[in-house]
Amino acid sequence: SGQADILMKGETDSTSYLRAVVDRDTGLRGSGVLSNVTVAHMPSLPRLIAATDNGILPAPTLEQKRAIILNTAPLFRGLGIDPVHVAAVCATEKASDALPATRDAQALAQEPLPGFVVGGPFGYDVAVSPQAARIKMLHDRPAAGVADLLLFPTIDAANAVAKSWKFHGRAGKPDQRVVAGHRRAHRNLSTPGFVRNNGVKRTFCTKGQRIAGSR
């Protein structure tokens with residue numbers, strides 16, 4: 001016992017399962033901030049794309065957003081993506097005190113995070129489309145049009161977009177969701193998830209050393 005690298009939820013109740021995972025004394029907390037990330041492969045995009053946090057933090061603070069980004073490092077390292085281009089998605093590309101999320105995005109874009117290139121604030125279109133970034137003359141900003149990871153200001157926005165990928169973007173199934181920020185790989189699903197990207201099938205987990213994969 002105590003030797004497992006990956007934790008997988010079966011038919012147990014999700015609430016009880018997650019309560020055990022986040023227990024401060026006996027749980028699997030690592031960074032202190034747990035976050036959910038969903039990764040999708042869609043025919044409309046030539047790359048994998050991820051959304052966070054769409055499952056745990058309702059309205060993350062600037063400090064939590066920083067941790068959320070860093071939580072994804074093992075996942076992207078295992079997928080061979082380096083550096084990771086992160087777009088802080090907001091309602092507008094202009095920073096404004098009236099929209100605090102844009103100020104957070106601006107701050108994160110100015111902060112060096114090893115292994116990440118952070119840009120924002122960006123609308124969703126500028127984050128994922130090089131053409132949209134060029135039309136809005138934002139193509140020279142970091143991560144514009146080429147985001148690997150979309151950082152959303154609220155759980156509502158992230159959850160809605162991640163679900164839209166499945167229903168409208170023809171994203172591969174099952175959903176590729178992991179909970180990041182703990183000491184062991186953890187999936188809140190009953191079955192393993194796989195994606196195909198340029199002929200490579202990879203198993204998602206968040207183990208720091210490596211993400212298992214096979215060609």
# chains A, B, ... in the order shown; residues from 1 in each chain; ligands from 1
call {"tool": "residues_around", "arguments": {"residues": "Ala132 (chain A)", "least_positions_apart": "6", "cutoff": "8 Å", "atoms": "only C-alpha atoms", "output": "number ranges by chain"}}
result
A: 125-126, 145
call {"tool": "residues_around", "arguments": {"residues": "region 42-49 of chain A", "least_positions_apart": "3", "cutoff": "6 Å", "atoms": "only C-alpha atoms", "output": "PDB file with C-alpha atoms, in the first residue's frame"}}
result
ATOM      1  CA  VAL A  39      -7.659  18.955 -22.573  1.00  0.00           C
ATOM      2  CA  ASP A 148      -2.120  25.748 -25.556  1.00  0.00           C
ATOM      3  CA  LEU A 149      -3.833  26.613 -22.280  1.00  0.00           C
ATOM      4  CA  ARG A 170     -16.428  17.504 -31.890  1.00  0.00           C
ATOM      5  CA  ALA A 171     -13.752  17.069 -29.264  1.00  0.00           C
TER       6      ALA A 171
END
call {"tool": "closest_residue", "arguments": {"among": "A:Ser164, A:Leu99, A:Ala87, A:Pro74", "to": "Val146 (chain A)", "atoms": "only C-alpha atoms"}}
result
A:Ala87
call {"tool": "select_by_dssp", "arguments": {"residues": "region 5-122 of chain A", "states": "strand (DSSP E or B)", "output": "MDAnalysis selection string"}}
result
chainID A and resid 6:8 29 35:40 49:52 84:89 96 99 113 116:122
call {"tool": "residues_around", "arguments": {"residues": "Thr52 (chain A)", "least_positions_apart": "4", "cutoff": "12 Å", "atoms": "only C-alpha atoms", "output": "PyMOL selection string"}}
result
chain A and resi 34-40+56-60+64-72+86-89+148-162+177-180
call {"tool": "select_by_dssp", "arguments": {"residues": "region 19-162 of chain A", "states": "helix (DSSP H, G or I)", "output": "count of residues only"}}
result
49
call {"tool": "decode", "arguments": {"residues": "region 66-166 of chain A", "atoms": "C-alpha atoms", "output": "PDB file, in the first residue's frame"}}
result
ATOM      1  CA  ARG A  66      -0.657  31.835 -10.915  1.00  0.00           C
ATOM      2  CA  ALA A  67      -0.808  28.501  -9.075  1.00  0.00           C
ATOM      3  CA  ILE A  68      -3.358  27.148 -11.559  1.00  0.00           C
ATOM      4  CA  ILE A  69      -0.945  27.808 -14.427  1.00  0.00           C
ATOM      5  CA  LEU A  70       1.993  26.222 -12.609  1.00  0.00           C
ATOM      6  CA  ASN A  71      -0.147  23.208 -11.675  1.00  0.00           C
ATOM      7  CA  THR A  72      -0.308  22.244 -15.357  1.00  0.00           C
ATOM      8  CA  ALA A  73       3.468  22.025 -15.806  1.00  0.00           C
ATOM      9  CA  PRO A  74       3.734  18.223 -15.293  1.00  0.00           C
ATOM     10  CA  LEU A  75       0.874  17.595 -17.714  1.00  0.00           C
ATOM     11  CA  PHE A  76       2.352  19.646 -20.535  1.00  0.00           C
ATOM     12  CA  ARG A  77       5.853  18.374 -19.820  1.00  0.00           C
ATOM     13  CA  GLY A  78       4.566  14.843 -20.320  1.00  0.00           C
ATOM     14  CA  LEU A  79       2.863  15.864 -23.556  1.00  0.00           C
ATOM     15  CA  GLY A  80       6.134  17.310 -24.827  1.00  0.00           C
ATOM     16  CA  ILE A  81       4.832  20.893 -25.064  1.00  0.00           C
ATOM     17  CA  ASP A  82       7.521  23.425 -24.132  1.00  0.00           C
ATOM     18  CA  PRO A  83       7.068  26.274 -23.662  1.00  0.00           C
ATOM     19  CA  VAL A  84       3.371  26.283 -22.874  1.00  0.00           C
ATOM     20  CA  HIS A  85       1.530  29.235 -24.395  1.00  0.00           C
ATOM     21  CA  VAL A  86      -1.116  30.486 -21.967  1.00  0.00           C
ATOM     22  CA  ALA A  87      -3.883  32.922 -22.848  1.00  0.00           C
ATOM     23  CA  ALA A  88      -5.686  34.678 -20.012  1.00  0.00           C
ATOM     24  CA  VAL A  89      -9.175  34.879 -21.488  1.00  0.00           C
ATOM     25  CA  CYS A  90     -11.348  37.900 -20.706  1.00  0.00           C
ATOM     26  CA  ALA A  91     -14.259  39.804 -22.222  1.00  0.00           C
ATOM     27  CA  THR A  92     -11.935  42.359 -23.811  1.00  0.00           C
ATOM     28  CA  GLU A  93      -8.307  42.824 -24.787  1.00  0.00           C
ATOM     29  CA  LYS A  94      -8.072  46.149 -22.944  1.00  0.00           C
ATOM     30  CA  ALA A  95      -7.092  46.173 -19.276  1.00  0.00           C
ATOM     31  CA  SER A  96      -9.604  48.051 -17.158  1.00  0.00           C
ATOM     32  CA  ASP A  97     -10.293  48.533 -13.473  1.00  0.00           C
ATOM     33  CA  ALA A  98     -13.948  47.919 -14.276  1.00  0.00           C
ATOM     34  CA  LEU A  99     -13.042  44.365 -15.250  1.00  0.00           C
ATOM     35  CA  PRO A 100     -10.643  43.026 -12.580  1.00  0.00           C
ATOM     36  CA  ALA A 101      -9.929  39.879 -14.602  1.00  0.00           C
ATOM     37  CA  THR A 102      -8.234  42.002 -17.254  1.00  0.00           C
ATOM     38  CA  ARG A 103      -5.885  43.459 -14.639  1.00  0.00           C
ATOM     39  CA  ASP A 104      -5.049  39.949 -13.436  1.00  0.00           C
ATOM     40  CA  ALA A 105      -4.337  38.921 -17.018  1.00  0.00           C
ATOM     41  CA  GLN A 106      -2.108  41.931 -17.522  1.00  0.00           C
ATOM     42  CA  ALA A 107      -0.177  41.157 -14.346  1.00  0.00           C
ATOM     43  CA  LEU A 108       0.334  37.508 -15.275  1.00  0.00           C
ATOM     44  CA  ALA A 109       1.500  38.438 -18.768  1.00  0.00           C
ATOM     45  CA  GLN A 110       4.215  40.620 -17.238  1.00  0.00           C
ATOM     46  CA  GLU A 111       5.373  37.997 -14.770  1.00  0.00           C
ATOM     47  CA  PRO A 112       8.006  35.433 -15.805  1.00  0.00           C
ATOM     48  CA  LEU A 113       6.791  31.886 -15.164  1.00  0.00           C
ATOM     49  CA  PRO A 114       9.368  29.215 -16.053  1.00  0.00           C
ATOM     50  CA  GLY A 115       8.169  27.013 -18.896  1.00  0.00           C
ATOM     51  CA  PHE A 116       5.226  29.274 -19.762  1.00  0.00           C
ATOM     52  CA  VAL A 117       4.588  32.143 -22.144  1.00  0.00           C
ATOM     53  CA  VAL A 118       1.584  34.053 -20.804  1.00  0.00           C
ATOM     54  CA  GLY A 119      -0.413  36.606 -22.741  1.00  0.00           C
ATOM     55  CA  GLY A 120      -3.569  38.566 -22.142  1.00  0.00           C
ATOM     56  CA  PRO A 121      -6.066  39.868 -21.643  1.00  0.00           C
ATOM     57  CA  PHE A 122      -7.433  38.157 -24.750  1.00  0.00           C
ATOM     58  CA  GLY A 123     -10.876  37.368 -26.060  1.00  0.00           C
ATOM     59  CA  TYR A 124     -11.382  33.713 -26.916  1.00  0.00           C
ATOM     60  CA  ASP A 125     -10.957  34.416 -30.622  1.00  0.00           C
ATOM     61  CA  VAL A 126      -7.586  36.098 -30.212  1.00  0.00           C
ATOM     62  CA  ALA A 127      -6.417  33.332 -27.887  1.00  0.00           C
ATOM     63  CA  VAL A 128      -7.003  30.477 -30.350  1.00  0.00           C
ATOM     64  CA  SER A 129      -6.930  32.001 -33.841  1.00  0.00           C
ATOM     65  CA  PRO A 130      -3.827  33.517 -35.470  1.00  0.00           C
ATOM     66  CA  GLN A 131      -6.112  35.143 -38.041  1.00  0.00           C
ATOM     67  CA  ALA A 132      -8.222  36.823 -35.358  1.00  0.00           C
ATOM     68  CA  ALA A 133      -5.065  38.011 -33.632  1.00  0.00           C
ATOM     69  CA  ARG A 134      -3.813  39.537 -36.900  1.00  0.00           C
ATOM     70  CA  ILE A 135      -7.134  41.216 -37.666  1.00  0.00           C
ATOM     71  CA  LYS A 136      -7.141  42.851 -34.239  1.00  0.00           C
ATOM     72  CA  MET A 137      -3.436  43.684 -34.651  1.00  0.00           C
ATOM     73  CA  LEU A 138      -2.533  41.695 -31.549  1.00  0.00           C
ATOM     74  CA  HIS A 139      -0.497  38.990 -33.291  1.00  0.00           C
ATOM     75  CA  ASP A 140       2.769  40.273 -31.828  1.00  0.00           C
ATOM     76  CA  ARG A 141       1.615  39.748 -28.230  1.00  0.00           C
ATOM     77  CA  PRO A 142       2.754  36.618 -26.360  1.00  0.00           C
ATOM     78  CA  ALA A 143       0.559  33.543 -26.922  1.00  0.00           C
ATOM     79  CA  ALA A 144      -1.845  35.397 -29.229  1.00  0.00           C
ATOM     80  CA  GLY A 145      -3.520  32.930 -31.598  1.00  0.00           C
ATOM     81  CA  VAL A 146      -1.421  29.975 -30.474  1.00  0.00           C
ATOM     82  CA  ALA A 147      -2.592  29.245 -26.918  1.00  0.00           C
ATOM     83  CA  ASP A 148      -2.120  25.748 -25.556  1.00  0.00           C
ATOM     84  CA  LEU A 149      -3.833  26.613 -22.280  1.00  0.00           C
ATOM     85  CA  LEU A 150      -6.778  28.941 -21.737  1.00  0.00           C
ATOM     86  CA  LEU A 151      -6.952  30.463 -18.275  1.00  0.00           C
ATOM     87  CA  PHE A 152     -10.484  31.613 -17.509  1.00  0.00           C
ATOM     88  CA  PRO A 153     -11.512  34.196 -14.902  1.00  0.00           C
ATOM     89  CA  THR A 154     -14.322  32.053 -13.447  1.00  0.00           C
ATOM     90  CA  ILE A 155     -15.378  28.441 -13.202  1.00  0.00           C
ATOM     91  CA  ASP A 156     -18.586  29.322 -15.090  1.00  0.00           C
ATOM     92  CA  ALA A 157     -16.734  30.527 -18.186  1.00  0.00           C
ATOM     93  CA  ALA A 158     -14.224  27.674 -18.175  1.00  0.00           C
ATOM     94  CA  ASN A 159     -16.871  25.004 -17.641  1.00  0.00           C
ATOM     95  CA  ALA A 160     -19.126  26.356 -20.391  1.00  0.00           C
ATOM     96  CA  VAL A 161     -16.302  26.539 -22.934  1.00  0.00           C
ATOM     97  CA  ALA A 162     -14.941  23.071 -22.105  1.00  0.00           C
ATOM     98  CA  LYS A 163     -18.405  21.572 -22.540  1.00  0.00           C
ATOM     99  CA  SER A 164     -18.917  23.447 -25.802  1.00  0.00           C
ATOM    100  CA  TRP A 165     -15.805  21.743 -27.182  1.00  0.00           C
ATOM    101  CA  LYS A 166     -17.503  18.387 -26.689  1.00  0.00           C
TER     102      LYS A 166
END
